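Structure below is work.txt: compact mmCIF, C-alpha atoms and all ligand atoms.
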```
# COMPACT_ATOMS: atom_id res chain seq x y z
CA MET A 7 -26.10 -8.14 16.78
CA PHE A 8 -22.52 -8.53 15.60
CA ASN A 9 -20.36 -5.44 16.20
CA LEU A 10 -16.82 -5.37 14.90
CA ILE A 11 -14.03 -2.84 15.38
CA LEU A 12 -11.46 -2.88 12.60
CA PHE A 13 -8.42 -1.35 14.27
CA GLY A 14 -4.96 -0.33 13.12
CA PRO A 15 -2.69 2.59 12.29
CA PRO A 16 -3.22 4.95 9.34
CA GLY A 17 -2.69 3.01 6.11
CA SER A 18 -3.07 -0.43 7.68
CA GLY A 19 -5.97 -1.31 5.35
CA LYS A 20 -9.03 -0.63 7.52
CA GLY A 21 -11.00 1.05 4.73
CA THR A 22 -9.97 -1.53 2.11
CA GLN A 23 -10.96 -4.50 4.26
CA SER A 24 -14.13 -2.77 5.52
CA GLU A 25 -15.53 -2.59 1.98
CA LYS A 26 -15.17 -6.34 1.57
CA LEU A 27 -16.45 -7.16 5.07
CA ILE A 28 -19.66 -5.13 4.80
CA ALA A 29 -20.43 -6.82 1.47
CA LYS A 30 -19.92 -10.30 2.91
CA TYR A 31 -21.54 -9.89 6.34
CA SER A 32 -24.14 -7.14 5.65
CA LEU A 33 -22.84 -4.91 8.44
CA LYS A 34 -23.37 -1.15 8.55
CA HIS A 35 -20.03 0.58 7.92
CA LEU A 36 -19.34 3.51 10.28
CA SER A 37 -16.09 5.29 9.44
CA THR A 38 -15.45 8.50 11.37
CA GLY A 39 -12.87 9.52 8.74
CA ASP A 40 -15.51 9.21 5.97
CA LEU A 41 -18.12 11.04 8.09
CA LEU A 42 -15.65 13.89 8.72
CA ARG A 43 -14.63 14.10 5.03
CA SER A 44 -18.32 14.30 4.11
CA GLU A 45 -18.73 17.25 6.56
CA ILE A 46 -15.69 18.89 4.90
CA ALA A 47 -17.08 18.32 1.39
CA ASN A 48 -20.39 19.91 2.49
CA GLN A 49 -18.46 22.81 4.06
CA THR A 50 -20.35 22.56 7.37
CA ALA A 51 -19.07 24.43 10.43
CA LEU A 52 -18.06 21.08 11.96
CA GLY A 53 -16.22 20.12 8.77
CA LEU A 54 -14.33 23.40 8.53
CA GLU A 55 -13.14 23.07 12.16
CA ALA A 56 -12.26 19.40 11.73
CA LYS A 57 -10.23 20.06 8.57
CA LYS A 58 -7.81 22.32 10.45
CA VAL A 59 -7.02 19.47 12.86
CA MET A 60 -6.97 16.69 10.25
CA ASP A 61 -4.57 18.63 8.01
CA LYS A 62 -2.05 18.60 10.88
CA GLY A 63 -2.45 14.83 11.31
CA GLU A 64 -4.01 15.26 14.76
CA LEU A 65 -7.21 13.80 16.21
CA VAL A 66 -10.51 15.67 16.14
CA PRO A 67 -11.95 16.26 19.68
CA ASP A 68 -13.64 13.25 21.29
CA GLU A 69 -17.02 14.96 21.75
CA VAL A 70 -17.26 15.69 18.01
CA VAL A 71 -16.69 12.11 16.84
CA ILE A 72 -18.70 10.54 19.68
CA GLY A 73 -21.64 12.79 18.69
CA MET A 74 -21.34 11.70 15.05
CA ILE A 75 -21.24 8.00 15.96
CA SER A 76 -24.16 8.36 18.37
CA THR A 77 -26.27 9.95 15.60
CA ALA A 78 -25.22 7.30 13.06
CA ILE A 79 -26.14 4.44 15.42
CA ASP A 80 -29.56 6.02 16.07
CA GLN A 81 -30.12 6.47 12.32
CA ASN A 82 -29.68 2.71 11.73
CA PRO A 83 -32.13 0.96 14.09
CA ASP A 84 -32.46 -2.04 11.77
CA ALA A 85 -28.72 -2.72 11.34
CA LYS A 86 -27.69 -6.38 11.75
CA GLY A 87 -24.48 -5.06 13.25
CA PHE A 88 -21.92 -2.30 12.88
CA LEU A 89 -18.39 -2.26 11.54
CA PHE A 90 -16.50 0.56 13.25
CA ASP A 91 -13.56 1.81 11.14
CA GLY A 92 -11.27 4.48 12.60
CA PHE A 93 -13.35 4.63 15.79
CA PRO A 94 -12.78 4.43 18.74
CA ARG A 95 -9.39 6.15 18.68
CA THR A 96 -9.01 7.14 22.34
CA SER A 97 -9.92 5.44 25.61
CA ALA A 98 -12.67 8.05 26.16
CA GLN A 99 -14.18 7.14 22.76
CA ALA A 100 -14.04 3.43 23.64
CA GLU A 101 -15.84 3.97 26.92
CA ALA A 102 -18.45 6.18 25.22
CA LEU A 103 -19.02 3.55 22.52
CA ASP A 104 -19.59 0.83 25.11
CA LYS A 105 -22.22 3.03 26.77
CA LEU A 106 -23.96 3.81 23.45
CA LEU A 107 -24.11 0.11 22.55
CA ASP A 108 -25.27 -0.79 26.05
CA LEU A 109 -28.28 1.51 25.55
CA LYS A 110 -29.17 -0.67 22.53
CA ASN A 111 -28.64 -3.87 24.58
CA THR A 112 -25.62 -4.83 22.54
CA SER A 113 -21.81 -4.67 22.78
CA ILE A 114 -18.57 -5.02 20.81
CA SER A 115 -18.19 -8.62 19.65
CA ILE A 116 -14.55 -8.45 18.56
CA MET A 117 -11.71 -6.05 17.72
CA LEU A 118 -9.51 -7.11 14.81
CA ALA A 119 -6.20 -5.24 14.94
CA LEU A 120 -4.22 -4.98 11.69
CA GLU A 121 -0.45 -5.03 12.17
CA VAL A 122 1.72 -3.37 9.51
CA SER A 123 5.31 -2.09 9.73
CA GLU A 124 5.80 1.66 9.89
CA GLN A 125 7.78 1.76 6.63
CA GLU A 126 5.00 -0.09 4.79
CA LEU A 127 2.39 2.35 6.21
CA ILE A 128 4.41 5.32 4.95
CA ASN A 129 4.97 3.71 1.52
CA ARG A 130 1.23 3.01 1.10
CA LEU A 131 0.11 6.50 2.15
CA VAL A 132 2.74 8.34 0.09
CA LYS A 133 1.67 6.29 -2.93
CA ARG A 134 -2.04 6.97 -2.29
CA GLY A 135 -1.25 10.68 -1.84
CA GLU A 136 -0.13 10.86 -5.48
CA THR A 137 -3.75 10.45 -6.62
CA SER A 138 -6.17 10.52 -3.64
CA GLY A 139 -6.52 14.27 -3.18
CA ARG A 140 -6.56 13.62 0.60
CA SER A 141 -4.88 16.62 2.21
CA ASP A 142 -3.51 14.47 5.05
CA ASP A 143 -1.67 12.21 2.56
CA VAL A 144 0.19 15.04 0.81
CA ASN A 145 3.53 14.80 2.56
CA VAL A 146 5.59 12.45 4.72
CA ASP A 147 5.62 14.83 7.70
CA ILE A 148 1.81 14.78 8.01
CA ILE A 149 1.74 11.02 7.49
CA LYS A 150 4.32 10.60 10.28
CA ALA A 151 2.32 12.95 12.53
CA ARG A 152 -0.76 10.71 12.02
CA ILE A 153 1.27 7.62 12.92
CA ASN A 154 2.69 9.38 16.02
CA GLU A 155 -0.82 10.38 17.10
CA TYR A 156 -1.82 6.72 16.78
CA HIS A 157 1.04 5.62 19.09
CA LYS A 158 0.37 8.43 21.56
CA LYS A 159 -3.42 8.16 21.90
CA THR A 160 -4.88 5.22 20.02
CA THR A 161 -2.89 2.11 20.97
CA ALA A 162 -4.46 2.42 24.44
CA VAL A 163 -7.79 1.48 22.84
CA ALA A 164 -6.47 -2.03 22.10
CA ASP A 165 -5.41 -2.33 25.76
CA TYR A 166 -8.93 -1.30 26.79
CA TYR A 167 -10.52 -4.17 24.80
CA LYS A 168 -7.77 -6.65 25.78
CA GLN A 169 -9.08 -6.57 29.37
CA PHE A 170 -12.35 -8.03 27.99
CA ASP A 171 -10.43 -10.55 25.85
CA LYS A 172 -11.85 -9.11 22.64
CA VAL A 173 -8.68 -8.37 20.63
CA VAL A 174 -7.37 -10.54 17.78
CA LEU A 175 -4.18 -9.52 15.97
CA ILE A 176 -4.17 -9.84 12.19
CA LYS A 177 -1.07 -9.69 9.98
CA GLY A 178 -1.88 -6.71 7.76
CA GLU A 179 0.83 -7.31 5.14
CA GLY A 180 0.34 -9.53 2.11
CA THR A 181 -2.31 -9.34 -0.59
CA VAL A 182 -5.69 -7.77 0.19
CA ASP A 183 -7.37 -11.15 -0.41
CA GLU A 184 -4.98 -13.05 1.89
CA ILE A 185 -5.66 -10.59 4.71
CA PHE A 186 -9.40 -10.71 4.04
CA HIS A 187 -9.34 -14.53 4.22
CA HIS A 188 -7.64 -14.39 7.64
CA ILE A 189 -10.12 -11.77 8.92
CA CYS A 190 -13.10 -13.86 7.74
CA GLN A 191 -11.76 -16.91 9.59
CA GLU A 192 -11.76 -14.90 12.82
CA VAL A 193 -15.21 -13.44 12.19
CA ASP A 194 -16.70 -16.84 11.33
CA ASN A 195 -15.18 -18.29 14.53
CA ILE A 196 -17.23 -16.06 16.77
CA MET A 197 -20.29 -15.16 14.69
P1 LIG A 201 -9.24 8.08 8.81
O1 LIG A 201 -10.01 8.42 7.62
O2 LIG A 201 -9.79 7.13 9.80
O3 LIG A 201 -7.83 7.64 8.28
P2 LIG A 201 -6.66 6.73 8.88
O4 LIG A 201 -6.94 5.97 10.12
O5 LIG A 201 -5.53 7.68 8.94
O6 LIG A 201 -6.63 5.62 7.88
P3 LIG A 201 -6.52 5.61 6.32
O7 LIG A 201 -7.85 5.80 5.71
O8 LIG A 201 -5.44 6.49 5.83
O9 LIG A 201 -5.99 4.13 6.18
P4 LIG A 201 -6.73 2.73 6.36
O10 LIG A 201 -6.21 1.99 7.52
O11 LIG A 201 -8.21 2.87 6.23
O12 LIG A 201 -6.13 2.03 5.07
P5 LIG A 201 -6.72 2.00 3.58
O13 LIG A 201 -7.56 0.80 3.40
O14 LIG A 201 -7.29 3.33 3.26
O15 LIG A 201 -8.86 9.40 9.65
C1 LIG A 201 -8.40 10.57 9.01
C2 LIG A 201 -8.34 11.68 10.05
O16 LIG A 201 -9.67 11.97 10.52
C3 LIG A 201 -7.54 11.38 11.32
O17 LIG A 201 -6.16 11.67 11.16
C4 LIG A 201 -8.20 12.32 12.33
O18 LIG A 201 -7.77 13.65 12.15
C5 LIG A 201 -9.67 12.26 11.90
N1 LIG A 201 -10.40 11.20 12.62
C6 LIG A 201 -10.98 10.10 12.05
N2 LIG A 201 -11.55 9.33 12.99
C7 LIG A 201 -11.31 9.95 14.18
C8 LIG A 201 -11.62 9.63 15.53
N3 LIG A 201 -12.31 8.51 15.85
N4 LIG A 201 -11.21 10.48 16.51
C9 LIG A 201 -10.55 11.62 16.20
N5 LIG A 201 -10.20 11.98 14.95
C10 LIG A 201 -10.58 11.16 13.95
O19 LIG A 201 -5.37 1.74 2.79
C11 LIG A 201 -4.36 2.72 2.69
C12 LIG A 201 -3.67 2.54 1.32
O20 LIG A 201 -3.01 1.26 1.31
C13 LIG A 201 -4.63 2.53 0.13
O21 LIG A 201 -4.04 3.17 -0.95
C14 LIG A 201 -4.86 1.03 -0.14
O22 LIG A 201 -5.16 0.79 -1.49
C15 LIG A 201 -3.50 0.46 0.24
N6 LIG A 201 -3.59 -0.92 0.73
C16 LIG A 201 -4.56 -1.46 1.51
N7 LIG A 201 -4.30 -2.75 1.78
C17 LIG A 201 -3.12 -3.03 1.17
C18 LIG A 201 -2.32 -4.22 1.07
N8 LIG A 201 -2.67 -5.36 1.67
N9 LIG A 201 -1.17 -4.16 0.36
C19 LIG A 201 -0.80 -2.99 -0.26
N10 LIG A 201 -1.52 -1.84 -0.22
C20 LIG A 201 -2.68 -1.87 0.49
```
Could you write out this structure as structure tokens?
Amino acid sequence: MFNLILFGPPGSGKGTQSEKLIAKYSLKHLSTGDLLRSEIANQTALGLEAKKVMDKGELVPDEVVIGMISTAIDQNPDAKGFLFDGFPRTSAQAEALDKLLDLKNTSISIMLALEVSEQELINRLVKRGETSGRSDDVNVDIIKARINEYHKKTTAVADYYKQFDKVVLIKGEGTVDEIFHHICQEVDNIM
């Protein structure tokens, strides 16, 4: 099984590159952001609670997202591999993911970390907010809160995988196709 974490701050291009990667490598895309937005759209109790946190640009509690990922992994027993997008976002989530994959006799193959300047992240998300309807893109303060949350809680996840020598940095600025080409080179190297 080939299991990839696409890592990076809000607006770094994880969702954009994930779409292309799952098409090319037939991986199952697991995005906790998409799973949470689907709960919100369906107005579930989990979704209503999560929305309050997401609208402030903060992270949803670990146990909620770990539970969602655990269910999603179990629902896809025939997957060739998983592409994790927006997960794990804390050290506790990373440790839980390793345990879940261990139960399936598999592990993370590689983490690709997209690097984009803070100003470019803000520009991209402000622009997307003009049309996306995403409530966490609506103003610069929320966008900055999301980026702060990333620095405070999520960068530690890259350190966690560095100890296992699994992290590759990817320049996340340039055209979508240029970045995709670079990512594919790294994937092909270890697949
Ligand atoms: P989530 O949905 O994961 O959002 P995010 O990490 O904030 O990331 P985005 O979707 O905004 O950006 P992206 O990196 O995917 O970039 P994209 O390709 O979209 O999380 C949302 C919230 O849910 C969190 O704040 C949190 O509350 C909660 N949550 C989710 N997962 C959680 C977890 N594990 N634990 C706890 N809470 C969790 O691109 C962005 C824009 O840039 C687009 O408009 C795109 O067209 C454009 N773009 C992409 N590439 C380029 C390029 N090369 N050049 C120019 N523009 C580009």
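In terms of minimum interatomic distance to ligand LIG 201 (chain A), A:Val71 ranks closest within A:Val144, A:Ile11, A:Val71, A:Leu89, counting all atoms listed in the file.
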Two-atom distance - atom CA of Asp142 of chain A, atom CA of Val182 of chain A (Å): 22.9 Å
Proximity check chain A to ligand LIG 201 (chain A), 7 Å, nearest pairs one decimal Å, all atoms listed in the file, as a Markdown table:
```
| residue | atom | partner | partner_atom | distance |
| --- | --- | --- | --- | --- |
| A:Gly14 | CA | A:LIG201 | O10 | 6.2 |
| A:Pro15 | CA | A:LIG201 | O4 | 5.8 |
| A:Pro16 | CA | A:LIG201 | O5 | 3.6 |
| A:Gly17 | CA | A:LIG201 | O9 | 3.5 |
| A:Ser18 | CA | A:LIG201 | O10 | 4.0 |
| A:Gly19 | CA | A:LIG201 | O13 | 3.3 |
| A:Lys20 | CA | A:LIG201 | O11 | 3.8 |
| A:Gly21 | CA | A:LIG201 | O11 | 3.7 |
| A:Thr22 | CA | A:LIG201 | O13 | 3.6 |
| A:Gln23 | CA | A:LIG201 | O13 | 6.4 |
| A:Ser37 | CA | A:LIG201 | O2 | 6.6 |
| A:Thr38 | CA | A:LIG201 | N2 | 4.3 |
| A:Gly39 | CA | A:LIG201 | O1 | 3.3 |
| A:Asp40 | CA | A:LIG201 | O1 | 5.8 |
| A:Leu42 | CA | A:LIG201 | O16 | 6.5 |
| A:Val59 | CA | A:LIG201 | O18 | 5.9 |
| A:Met60 | CA | A:LIG201 | O18 | 3.7 |
| A:Gly63 | CA | A:LIG201 | O17 | 4.9 |
| A:Glu64 | CA | A:LIG201 | O18 | 4.9 |
| A:Leu65 | CA | A:LIG201 | N5 | 3.7 |
| A:Val66 | CA | A:LIG201 | N5 | 3.9 |
| A:Pro67 | CA | A:LIG201 | C9 | 6.0 |
| A:Asp68 | CA | A:LIG201 | N4 | 6.0 |
| A:Val71 | CA | A:LIG201 | N4 | 5.7 |
| A:Asp91 | CA | A:LIG201 | O2 | 6.7 |
| A:Gly92 | CA | A:LIG201 | O2 | 4.1 |
| A:Phe93 | CA | A:LIG201 | N3 | 4.0 |
| A:Pro94 | CA | A:LIG201 | N3 | 5.0 |
| A:Arg95 | CA | A:LIG201 | N3 | 4.7 |
| A:Arg130 | CA | A:LIG201 | O20 | 4.6 |
| A:Leu131 | CA | A:LIG201 | C12 | 5.5 |
| A:Lys133 | CA | A:LIG201 | O21 | 6.8 |
| A:Arg134 | CA | A:LIG201 | O21 | 4.5 |
| A:Arg152 | CA | A:LIG201 | O17 | 5.6 |
| A:Gly178 | CA | A:LIG201 | N8 | 6.3 |
| A:Glu179 | CA | A:LIG201 | N8 | 5.3 |
| A:Gly180 | CA | A:LIG201 | N8 | 5.2 |
| A:Thr181 | CA | A:LIG201 | N8 | 4.6 |
| A:Val182 | CA | A:LIG201 | N8 | 4.1 |
| A:Ile185 | CA | A:LIG201 | N8 | 6.7 |
```
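Each of A:Thr96, A:Ser32, A:Asn129, A:Thr112 was checked against Asp165 of chain A using only C-alpha atoms; the smallest atom-to-atom distance is that of A:Thr96.
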Coordinates-based distance that separates atom CA of Lys86 of chain A from atom CA of Met197 of chain A (Å, one decimal):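 Separating atom CA of Met197 of chain A from atom CA of Lys86 of chain A is a distance of 11.9 Å.
Note that the spacing between atom CA of Leu107 of chain A and atom CA of Lys159 of chain A amounts to 22.2 Å.
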Determine, counting all atoms listed in the file, which protein, DNA and RNA residues have an atom within 8 Å of an atom of Ala164 of chain A; residues of the same chain fewer than 5 positions away are not included. Present the result as a ChimeraX atom specification. /A:117,119,173
Tell me which of A:Leu33, A:Asp183, A:Lys177, A:Gly73 sits closest to Leu52 of chain A, counting all atoms listed in the file. A:Gly73
Exercise on segment 120-126 of chain A, axis-aligned box with 6 Å per side, report centre and edge lengths in Å to one decimal, as JSON:
```
{"center_x": 1.8, "center_y": -1.6, "center_z": 8.5, "size_x": 24.0, "size_y": 18.8, "size_z": 19.4}
```
Please list as a ChimeraX atom specification every residue within 9 Å of Tyr167 of chain A, counting all atoms listed in the file and excluding residues in the same chain fewer than 4 positions away. /A:100,116-117,162-163,171-173
Please list as a PDB file with C-alpha atoms, in the frame of the given file every residue within 12 Å of Lys105 of chain A, counting all atoms listed in the file and excluding residues in the same chain fewer than 5 positions away.
```pdb
ATOM      1  CA  ILE A  72     -18.700  10.540  19.680  1.00  0.00           C
ATOM      2  CA  ILE A  75     -21.240   8.000  15.960  1.00  0.00           C
ATOM      3  CA  SER A  76     -24.160   8.360  18.370  1.00  0.00           C
ATOM      4  CA  ALA A  98     -12.670   8.050  26.160  1.00  0.00           C
ATOM      5  CA  GLN A  99     -14.180   7.140  22.760  1.00  0.00           C
ATOM      6  CA  ALA A 100     -14.040   3.430  23.640  1.00  0.00           C
ATOM      7  CA  LYS A 110     -29.170  -0.670  22.530  1.00  0.00           C
ATOM      8  CA  ASN A 111     -28.640  -3.870  24.580  1.00  0.00           C
ATOM      9  CA  THR A 112     -25.620  -4.830  22.540  1.00  0.00           C
ATOM     10  CA  SER A 113     -21.810  -4.670  22.780  1.00  0.00           C
ATOM     11  CA  ILE A 114     -18.570  -5.020  20.810  1.00  0.00           C
TER      12      ILE A 114
END
```
When you look at Arg43 of chain A with a cut-off of 10 Å (counting only C-alpha atoms), what residues show up, excluding the ones that are within fewer than 5 positions of it in the same chain? I need them as number ranges by chain. A: 37-38, 48-49, 53-54, 56-57, 60, 140
Serialized selection, C-alpha atoms, as a compact mmCIF listing (two decimals), in the frame of the given file:
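So the final result, stored in selection-v7.txt, reads:
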```txt
# COMPACT_ATOMS: atom_id res chain seq x y z
CA SER A 37 -16.09 5.29 9.44
CA THR A 38 -15.45 8.50 11.37
CA ASN A 48 -20.39 19.91 2.49
CA GLN A 49 -18.46 22.81 4.06
CA GLY A 53 -16.22 20.12 8.77
CA LEU A 54 -14.33 23.40 8.53
CA ALA A 56 -12.26 19.40 11.73
CA LYS A 57 -10.23 20.06 8.57
CA MET A 60 -6.97 16.69 10.25
CA ARG A 140 -6.56 13.62 0.60
```
Regenerate segment 121-149 of chain A at the level of N, CA and C atoms and dump it as an mmCIF file, in the frame of the given file.
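File produced: selection-v7.cif:
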```cif
data_model
loop_
_atom_site.group_PDB
_atom_site.id
_atom_site.type_symbol
_atom_site.label_atom_id
_atom_site.label_comp_id
_atom_site.auth_asym_id
_atom_site.auth_seq_id
_atom_site.Cartn_x
_atom_site.Cartn_y
_atom_site.Cartn_z
ATOM 1 N N GLU A 121 -1.834 -5.376 11.840
ATOM 2 C CA GLU A 121 -0.450 -5.030 12.170
ATOM 3 C C GLU A 121 0.374 -4.886 10.889
ATOM 4 N N VAL A 122 0.948 -3.686 10.727
ATOM 5 C CA VAL A 122 1.720 -3.370 9.510
ATOM 6 C C VAL A 122 2.940 -2.556 9.943
ATOM 7 N N SER A 123 4.098 -2.823 9.346
ATOM 8 C CA SER A 123 5.310 -2.090 9.730
ATOM 9 C C SER A 123 5.172 -0.609 9.360
ATOM 10 N N GLU A 124 5.911 0.217 10.112
ATOM 11 C CA GLU A 124 5.800 1.660 9.890
ATOM 12 C C GLU A 124 6.239 2.048 8.472
ATOM 13 N N GLN A 125 7.305 1.411 7.972
ATOM 14 C CA GLN A 125 7.780 1.760 6.630
ATOM 15 C C GLN A 125 6.730 1.431 5.576
ATOM 16 N N GLU A 126 6.050 0.288 5.750
ATOM 17 C CA GLU A 126 5.000 -0.090 4.790
ATOM 18 C C GLU A 126 3.823 0.900 4.856
ATOM 19 N N LEU A 127 3.479 1.354 6.073
ATOM 20 C CA LEU A 127 2.390 2.350 6.210
ATOM 21 C C LEU A 127 2.744 3.612 5.427
ATOM 22 N N ILE A 128 3.986 4.076 5.621
ATOM 23 C CA ILE A 128 4.410 5.320 4.950
ATOM 24 C C ILE A 128 4.396 5.114 3.435
ATOM 25 N N ASN A 129 4.944 3.972 2.973
ATOM 26 C CA ASN A 129 4.970 3.710 1.520
ATOM 27 C C ASN A 129 3.559 3.747 0.937
ATOM 28 N N ARG A 130 2.610 3.078 1.620
ATOM 29 C CA ARG A 130 1.230 3.010 1.100
ATOM 30 C C ARG A 130 0.604 4.402 1.024
ATOM 31 N N LEU A 131 0.811 5.204 2.101
ATOM 32 C CA LEU A 131 0.110 6.500 2.150
ATOM 33 C C LEU A 131 0.750 7.513 1.207
ATOM 34 N N VAL A 132 2.080 7.451 1.060
ATOM 35 C CA VAL A 132 2.740 8.340 0.090
ATOM 36 C C VAL A 132 2.229 8.010 -1.313
ATOM 37 N N LYS A 133 2.139 6.718 -1.602
ATOM 38 C CA LYS A 133 1.670 6.290 -2.930
ATOM 39 C C LYS A 133 0.218 6.755 -3.150
ATOM 40 N N ARG A 134 -0.639 6.544 -2.133
ATOM 41 C CA ARG A 134 -2.040 6.970 -2.290
ATOM 42 C C ARG A 134 -2.120 8.480 -2.471
ATOM 43 N N GLY A 135 -1.235 9.221 -1.767
ATOM 44 C CA GLY A 135 -1.250 10.680 -1.840
ATOM 45 C C GLY A 135 -0.998 11.219 -3.243
ATOM 46 N N GLU A 136 -0.394 10.395 -4.108
ATOM 47 C CA GLU A 136 -0.130 10.860 -5.480
ATOM 48 C C GLU A 136 -1.430 11.071 -6.250
ATOM 49 N N THR A 137 -2.495 10.362 -5.842
ATOM 50 C CA THR A 137 -3.750 10.450 -6.620
ATOM 51 C C THR A 137 -5.000 10.716 -5.770
ATOM 52 N N SER A 138 -4.928 10.535 -4.440
ATOM 53 C CA SER A 138 -6.170 10.520 -3.640
ATOM 54 C C SER A 138 -6.801 11.889 -3.461
ATOM 55 N N GLY A 139 -5.984 12.951 -3.492
ATOM 56 C CA GLY A 139 -6.520 14.270 -3.180
ATOM 57 C C GLY A 139 -6.743 14.466 -1.686
ATOM 58 N N ARG A 140 -6.396 13.463 -0.857
ATOM 59 C CA ARG A 140 -6.560 13.620 0.600
ATOM 60 C C ARG A 140 -5.466 14.526 1.126
ATOM 61 N N SER A 141 -5.867 15.623 1.792
ATOM 62 C CA SER A 141 -4.880 16.620 2.210
ATOM 63 C C SER A 141 -3.961 16.076 3.306
ATOM 64 N N ASP A 142 -4.402 15.011 4.018
ATOM 65 C CA ASP A 142 -3.510 14.470 5.050
ATOM 66 C C ASP A 142 -2.581 13.379 4.519
ATOM 67 N N ASP A 143 -2.617 13.148 3.190
ATOM 68 C CA ASP A 143 -1.670 12.210 2.560
ATOM 69 C C ASP A 143 -0.587 12.967 1.782
ATOM 70 N N VAL A 144 -0.636 14.316 1.786
ATOM 71 C CA VAL A 144 0.190 15.040 0.810
ATOM 72 C C VAL A 144 1.683 15.017 1.085
ATOM 73 N N ASN A 145 2.082 14.892 2.340
ATOM 74 C CA ASN A 145 3.530 14.800 2.560
ATOM 75 C C ASN A 145 3.879 13.876 3.726
ATOM 76 N N VAL A 146 5.151 13.453 3.745
ATOM 77 C CA VAL A 146 5.590 12.450 4.720
ATOM 78 C C VAL A 146 5.475 12.988 6.147
ATOM 79 N N ASP A 147 5.684 14.289 6.342
ATOM 80 C CA ASP A 147 5.620 14.830 7.700
ATOM 81 C C ASP A 147 4.220 14.668 8.294
ATOM 82 N N ILE A 148 3.190 14.935 7.495
ATOM 83 C CA ILE A 148 1.810 14.780 8.010
ATOM 84 C C ILE A 148 1.510 13.302 8.239
ATOM 85 N N ILE A 149 1.972 12.468 7.328
ATOM 86 C CA ILE A 149 1.740 11.020 7.490
ATOM 87 C C ILE A 149 2.399 10.540 8.787
#
```
